[in-house]
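Since the structure comes first, as structure tokens, the remarks are kept for the end.
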Amino acid sequence: MSLYCGAVCRRKSFWCCRLLSTYVTKTRYLFELKEDDEACRKAQQTGVFYLFHDLAPLLRQASGHRYLVPRLSRAELEGLLGKFRQDSQRIEDSVLIGCSNQHEAWFALDLGLKSTSSIHAPLPKSEMEAELRGSFIALRQAVFQLNLMDSSLLFTAQALLRWHDSHQFCSRSGQPTKKNMAGSKRVCPSNKIIYYPQMAPVVITLVTDGARCLLARQSSFPKGLYSALAGFCDIGESVEEAVQREVAEEVGLEVENLRYSASQHWPFPNSSLMIACHATVKPGQTEIQVNRRELEAAAWFSLDEVATALKRKGFFSQQQQSDTVPLMLPPKLAIAHHMIKSWVETQTCSSLAA
Ligand SMILES: NC(=O)c1ccc[n+]([C@@H]2O[C@H](COP(=O)([O-])OP(=O)(O)OC[C@H]3O[C@@H](n4cnc5c(N)ncnc54)[C@H](O)[C@@H]3O)[C@@H](O)[C@H]2O)c1
Ligand SMILES: [Mg+2]
């Protein structure tokens with residue numbers, strides 16, 4: 001082992017080197033499971049399984065309105081399948097979603113999919129819930145009662161399960177495609193075309209004019225909720241072009257000084273890769289022209305308004321009780337929240353420094 005961690009870290013730290021090497025070995029292990037069906041089948045013997053029913057994860061109510069995410073061992077899963085007179089072969093329908101630092105592989109398995117192409121009938125939901133002492137709850141509904149790690153894992157699992165469910169056939173031959181053991185691809189046996197799970201790239205841009213930031217809402221948003229401008233990238237576009245087009249399309253402004261800040265996988269309604277950018281308007285060009293086919297409203301908000309909204313808690317309970325709704329911002333789970341928070345922090349620091 002080298003004394004230094006190399007490009008990532010120049011500190012002489014034993015712990016730092018250990019962390020890097022754990023990450024690298026874990027990554028290589030997952031790569032092997034994706035490439036080698038036999039290795040993955042072996043990992044299923046000692047792995048743990050997250051269960052879904054028609055894309056809703058199995059959850060268990062914990063204290064304080066929180067949900068826990070139960071995992072089943074191979075033996076527990078075989079026991080469950082046996083009770084419903086299912087062959088343990090069905091375990092091979094599962095998809096690989098990660099592993100622990102000790103290389104315990106994590107899989108997700110949906111036993112309630114209703115697709116006509118499936119050779120397996122969905123298992124009865126309420127009987128499974130009784131057996132498992134939990135409930136299958138729509139992810140959108142449960143997401144605010146999960147911790148961040150669990151929600152991120154379930155987002156990945158649901159996205160992958162959904163992709164497999166909706167890509168059962170080859171678009172060239174019309175023949176059923178076959179999943180590899182890990183679920184990292186599907187292959188058409190007749191023409192060998194390989195299909196890989198996909199995400200749609202989406203740009204999300206926080207536009208500012210120096211003192212204010214531009215937020216917008218769609219009619220489908222909960223009352224009072226405003227977010228940054230988002231839009232799917234068109235085919236052939238760069239991220240920069242997509243940001244400029246989306247801002248022009250939605251609010252009629254031209255932006256400059258584009259800066260990438262972060263990204264996030266977003267599962268709703270399908271898998272998107274959210275690419276977060278910050279941009280400023282061209283000097284003196286701040287007049288918004290809302291495109292009503294895309295947005296219900298868009299407006300400039302001051303630092304005070306946004307900072308106050310960020311501090312607001314209990315978003316969902318408040319909005320149902322009140323008719324006049326104050327400005328609400330996206331929840332912590334959404335990348336839009338972090339972009340807005342980062343803008344507030346930068347503005348606050350620069351106004352203190354001035
Ligand atoms: N995580 C976050 O913080 C956050 C915040 C805002 C929006 N989002 C997500 O960003 C996504 C895009 O935002 P938007 O709705 O404003 O996009 P948008 O402005 O591009 O408008 C959506 C429309 O674009 C078209 N479209 C083009 N390509 C599409 C594709 N690949 N999939 C679906 N529709 C496509 C459709 O006509 C659709 O009605 C949404 O799915 C939303 O959930 C996430
Ligand atoms: Mg949009």
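Numbering starts fresh at 1 for the residues of each chain in the structure tokens, the chains themselves are lettered A, B, ... in the order given, and ligands are numbered from 1 as they appear.
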Where in range 90-269 of chain A does DSSP assign helix (DSSP H, G or I), given as a ChimeraX atom specification? /A:90-93,125-132,139-145,148-166,239-251
Going by DSSP on the backbone, which bits of range 87-204 of chain A are strand (DSSP E)? Write them as a list in words, please. Val95, Leu96, Ile97, Gly98, Cys99, Ala105, Trp106, Phe107, Ala108, Leu109, Asp110, Ser135, Phe136, Lys178, Lys179, Arg186, Val187, Ile194, Tyr195, Ala200, Pro201, Val202, Val203 and Ile204 of chain A
Requested write-out: C-alpha atoms of the selected residues, as a PDB file, in the first residue's frame:
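Output file result06.pdb follows:
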ATOM      1  CA  VAL A  95     -31.485  -7.068  -9.374  1.00  0.00           C
ATOM      2  CA  LEU A  96     -28.213  -6.061  -7.757  1.00  0.00           C
ATOM      3  CA  ILE A  97     -28.375  -2.633  -6.081  1.00  0.00           C
ATOM      4  CA  GLY A  98     -25.146  -2.454  -4.077  1.00  0.00           C
ATOM      5  CA  CYS A  99     -23.066  -4.143  -1.400  1.00  0.00           C
ATOM      6  CA  ALA A 105     -24.441  -8.115  -1.839  1.00  0.00           C
ATOM      7  CA  TRP A 106     -27.778  -6.270  -1.761  1.00  0.00           C
ATOM      8  CA  PHE A 107     -30.572  -7.237  -4.141  1.00  0.00           C
ATOM      9  CA  ALA A 108     -34.085  -5.980  -4.870  1.00  0.00           C
ATOM     10  CA  LEU A 109     -36.888  -8.319  -5.871  1.00  0.00           C
ATOM     11  CA  ASP A 110     -40.426  -7.427  -6.943  1.00  0.00           C
ATOM     12  CA  SER A 135     -46.567  -2.832   4.265  1.00  0.00           C
ATOM     13  CA  PHE A 136     -45.782  -2.182   0.627  1.00  0.00           C
ATOM     14  CA  LYS A 178     -33.235 -11.818 -21.052  1.00  0.00           C
ATOM     15  CA  LYS A 179     -31.870 -10.118 -17.935  1.00  0.00           C
ATOM     16  CA  ARG A 186     -30.880  -7.254 -20.977  1.00  0.00           C
ATOM     17  CA  VAL A 187     -29.980  -9.157 -24.122  1.00  0.00           C
ATOM     18  CA  ILE A 194     -27.798  -5.461 -25.502  1.00  0.00           C
ATOM     19  CA  TYR A 195     -30.061  -3.015 -23.663  1.00  0.00           C
ATOM     20  CA  ALA A 200     -32.943  10.881 -18.914  1.00  0.00           C
ATOM     21  CA  PRO A 201     -30.598  13.853 -18.400  1.00  0.00           C
ATOM     22  CA  VAL A 202     -32.413  16.868 -16.932  1.00  0.00           C
ATOM     23  CA  VAL A 203     -30.878  20.297 -16.337  1.00  0.00           C
ATOM     24  CA  ILE A 204     -32.025  22.213 -13.290  1.00  0.00           C
TER      25      ILE A 204
END
So, with only C-alpha atoms as the atoms that count, which of A:Glu35, A:Met128, A:His65, A:Ser272 lies closest to Lys185 in chain A? A:Glu35
Pick the closest to ligand 2 from A:Lys341, A:Gly284, A:Ala353, A:Arg217: which is it, counting only C-alpha atoms and all ligand atoms?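 Checking each of A:Lys341, A:Gly284, A:Ala353, A:Arg217 against ligand 2, counting only C-alpha atoms and all ligand atoms, the winner is A:Arg217.
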Show me which residues sit within 7 Å of ligand 2 when counting only C-alpha atoms and all ligand atoms, and put them as a ChimeraX atom specification. /A:229-231,250,294
Would you output that residue set with all heavy atoms, as a short mmCIF file (atom, residue, chain, number, x, y, z; two decimals), in the first residue's frame?
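Wrote it out as out.cif, contents follow:
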data_model
loop_
_atom_site.label_atom_id
_atom_site.label_comp_id
_atom_site.auth_asym_id
_atom_site.auth_seq_id
_atom_site.Cartn_x
_atom_site.Cartn_y
_atom_site.Cartn_z
N LEU A 229 -35.69 26.17 -12.18
CA LEU A 229 -36.20 25.79 -13.50
C LEU A 229 -35.59 24.45 -13.94
O LEU A 229 -34.37 24.31 -13.90
CB LEU A 229 -35.83 26.85 -14.54
CG LEU A 229 -36.37 28.26 -14.29
CD1 LEU A 229 -35.74 29.24 -15.27
CD2 LEU A 229 -37.90 28.29 -14.40
N ALA A 230 -36.44 23.53 -14.34
CA ALA A 230 -35.92 22.21 -14.73
C ALA A 230 -36.43 21.85 -16.12
O ALA A 230 -37.50 22.31 -16.54
CB ALA A 230 -36.37 21.14 -13.75
N GLY A 231 -35.66 21.05 -16.84
CA GLY A 231 -36.13 20.60 -18.15
C GLY A 231 -35.28 19.48 -18.71
O GLY A 231 -34.07 19.42 -18.46
N GLU A 250 -38.88 28.67 -20.87
CA GLU A 250 -39.81 28.72 -19.73
C GLU A 250 -40.06 30.14 -19.22
O GLU A 250 -41.18 30.46 -18.82
CB GLU A 250 -39.31 27.82 -18.59
CG GLU A 250 -39.26 26.35 -19.03
CD GLU A 250 -39.20 25.34 -17.91
OE1 GLU A 250 -38.85 25.71 -16.78
OE2 GLU A 250 -39.50 24.16 -18.17
N GLU A 294 -45.90 25.61 -19.89
CA GLU A 294 -44.96 24.85 -19.05
C GLU A 294 -45.10 25.17 -17.57
O GLU A 294 -44.90 24.30 -16.73
CB GLU A 294 -43.53 25.17 -19.47
CG GLU A 294 -43.23 24.82 -20.91
CD GLU A 294 -42.06 23.86 -21.03
OE1 GLU A 294 -41.61 23.31 -20.02
OE2 GLU A 294 -41.60 23.67 -22.17
#
Report as CSV the residues of chain A within 9 Å of ligand 1, each with its shortest atom pair and distance in Å (one decimal), using only C-alpha atoms and all ligand atoms, ordered by chain and increasing residue number.
residue,atom,partner,partner_atom_place_in_ligand_line,distance
A:Met199,CA,ligand 1,31 (N),8.4
A:Ala200,CA,ligand 1,31 (N),5.3
A:Pro201,CA,ligand 1,31 (N),7.5
A:Val202,CA,ligand 1,12 (C),5.9
A:Val203,CA,ligand 1,10 (O),7.7
A:Ile204,CA,ligand 1,6 (C),6.6
A:Arg217,CA,ligand 1,16 (O),8.9
A:Gln218,CA,ligand 1,16 (O),7.7
A:Ser227,CA,ligand 1,6 (C),6.2
A:Ala228,CA,ligand 1,6 (C),6.4
A:Leu229,CA,ligand 1,16 (O),6.6
A:Ala230,CA,ligand 1,16 (O),4.4
A:Gly231,CA,ligand 1,20 (O),3.3
A:Phe232,CA,ligand 1,20 (O),4.1
A:Cys233,CA,ligand 1,28 (N),6.7
A:Asp234,CA,ligand 1,28 (N),6.6
A:Ile235,CA,ligand 1,28 (N),8.8
A:Glu246,CA,ligand 1,19 (O),6.8
A:Glu249,CA,ligand 1,19 (O),8.5
A:Glu250,CA,ligand 1,19 (O),7.3
A:Gln264,CA,ligand 1,1 (N),7.0
A:His265,CA,ligand 1,1 (N),7.8
A:Trp266,CA,ligand 1,1 (N),5.6
A:Pro267,CA,ligand 1,43 (O),7.7
A:Phe268,CA,ligand 1,43 (O),5.2
A:Pro269,CA,ligand 1,41 (O),5.7
A:Asn270,CA,ligand 1,41 (O),6.9
A:Ser271,CA,ligand 1,41 (O),8.1
A:Ser272,CA,ligand 1,41 (O),6.8
A:Leu273,CA,ligand 1,10 (O),8.6
A:Met274,CA,ligand 1,1 (N),6.5
A:Ala276,CA,ligand 1,3 (O),8.6
A:Glu294,CA,ligand 1,19 (O),6.4
A:Leu295,CA,ligand 1,16 (O),8.1
A:Pro330,CA,ligand 1,3 (O),6.8
A:Pro331,CA,ligand 1,3 (O),8.2
A:Lys332,CA,ligand 1,3 (O),8.8
A:Leu333,CA,ligand 1,1 (N),7.4
A:Ala334,CA,ligand 1,3 (O),3.8
A:Ile335,CA,ligand 1,3 (O),4.0
A:Ala336,CA,ligand 1,3 (O),3.8
A:His337,CA,ligand 1,3 (O),6.4
A:His338,CA,ligand 1,3 (O),8.3
A:Met339,CA,ligand 1,3 (O),8.6
Of the listed residues A:Cys213, A:Leu310, A:Ala262, A:Val143, that which approaches Gln347 in chain A most closely, counting only C-alpha atoms: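 Using only C-alpha atoms, Gln347 in chain A sits closest to A:Cys213.
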Using only C-alpha atoms, determine which residues lie at most 9 Å from Leu113 in chain A, disregarding the query and same-chain residues fewer than 4 positions distant; provide the list as number ranges by chain. A: 52-55, 118, 120-123, 165
Who sits within 6 Å of Leu225 in chain A, only C-alpha atoms, same chain under 2 positions skipped, as a compact mmCIF listing (two decimals) with N, CA, C and O atoms, in the first residue's frame:
# COMPACT_ATOMS: atom_id res chain seq x y z
N PRO A 222 -47.57 21.17 -5.15
CA PRO A 222 -48.39 21.53 -3.98
C PRO A 222 -48.45 23.07 -3.84
O PRO A 222 -47.52 23.76 -4.26
N LYS A 223 -49.55 23.54 -3.26
CA LYS A 223 -49.76 24.99 -3.10
C LYS A 223 -48.54 25.68 -2.49
O LYS A 223 -47.99 25.20 -1.50
N MET A 328 -43.03 28.14 -0.31
CA MET A 328 -42.50 26.84 0.13
C MET A 328 -41.41 26.42 -0.84
O MET A 328 -41.54 26.64 -2.05
N LEU A 329 -40.38 25.76 -0.32
CA LEU A 329 -39.27 25.32 -1.17
C LEU A 329 -39.22 23.79 -1.18
O LEU A 329 -39.76 23.14 -0.29
Would you mind reading off the distance between CA of Tyr226 in chain A and CA of Ala159 in chain A, one decimal, in Å?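 Separation of CA of Tyr226 in chain A and CA of Ala159 in chain A: 25.7 Å.
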Select, from A:Ser115, A:Thr27, A:Gln61, A:Thr286, the residue with the minimum atom-to-atom distance to Gln168 in chain A, counting only C-alpha atoms. A:Ser115
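Of the listed residues (A:Ser152, A:Gln145, A:Ser100, A:Ser88), A:Gln145 comes nearest to Arg66 in chain A; the distances count only C-alpha atoms.
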Any idea what's packed within 6 Å of Gly224 in chain A, counting only C-alpha atoms, ignoring anything in its chain fewer than 2 positions away? Could you give it as a short mmCIF file (atom, residue, chain, number, x, y, z; two decimals) with N, CA and C atoms, in the first residue's frame?
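What landed in selection_17.cif:
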data_model
loop_
_atom_site.label_atom_id
_atom_site.label_comp_id
_atom_site.auth_asym_id
_atom_site.auth_seq_id
_atom_site.Cartn_x
_atom_site.Cartn_y
_atom_site.Cartn_z
N VAL A 325 -51.04 30.44 1.47
CA VAL A 325 -49.82 29.63 1.66
C VAL A 325 -48.59 30.49 1.41
N PRO A 326 -47.66 30.50 2.35
CA PRO A 326 -46.41 31.24 2.11
C PRO A 326 -45.53 30.50 1.11
N LEU A 327 -44.42 31.14 0.74
CA LEU A 327 -43.47 30.50 -0.19
C LEU A 327 -42.93 29.22 0.44
N MET A 328 -43.03 28.14 -0.31
CA MET A 328 -42.50 26.84 0.13
C MET A 328 -41.41 26.42 -0.84
#
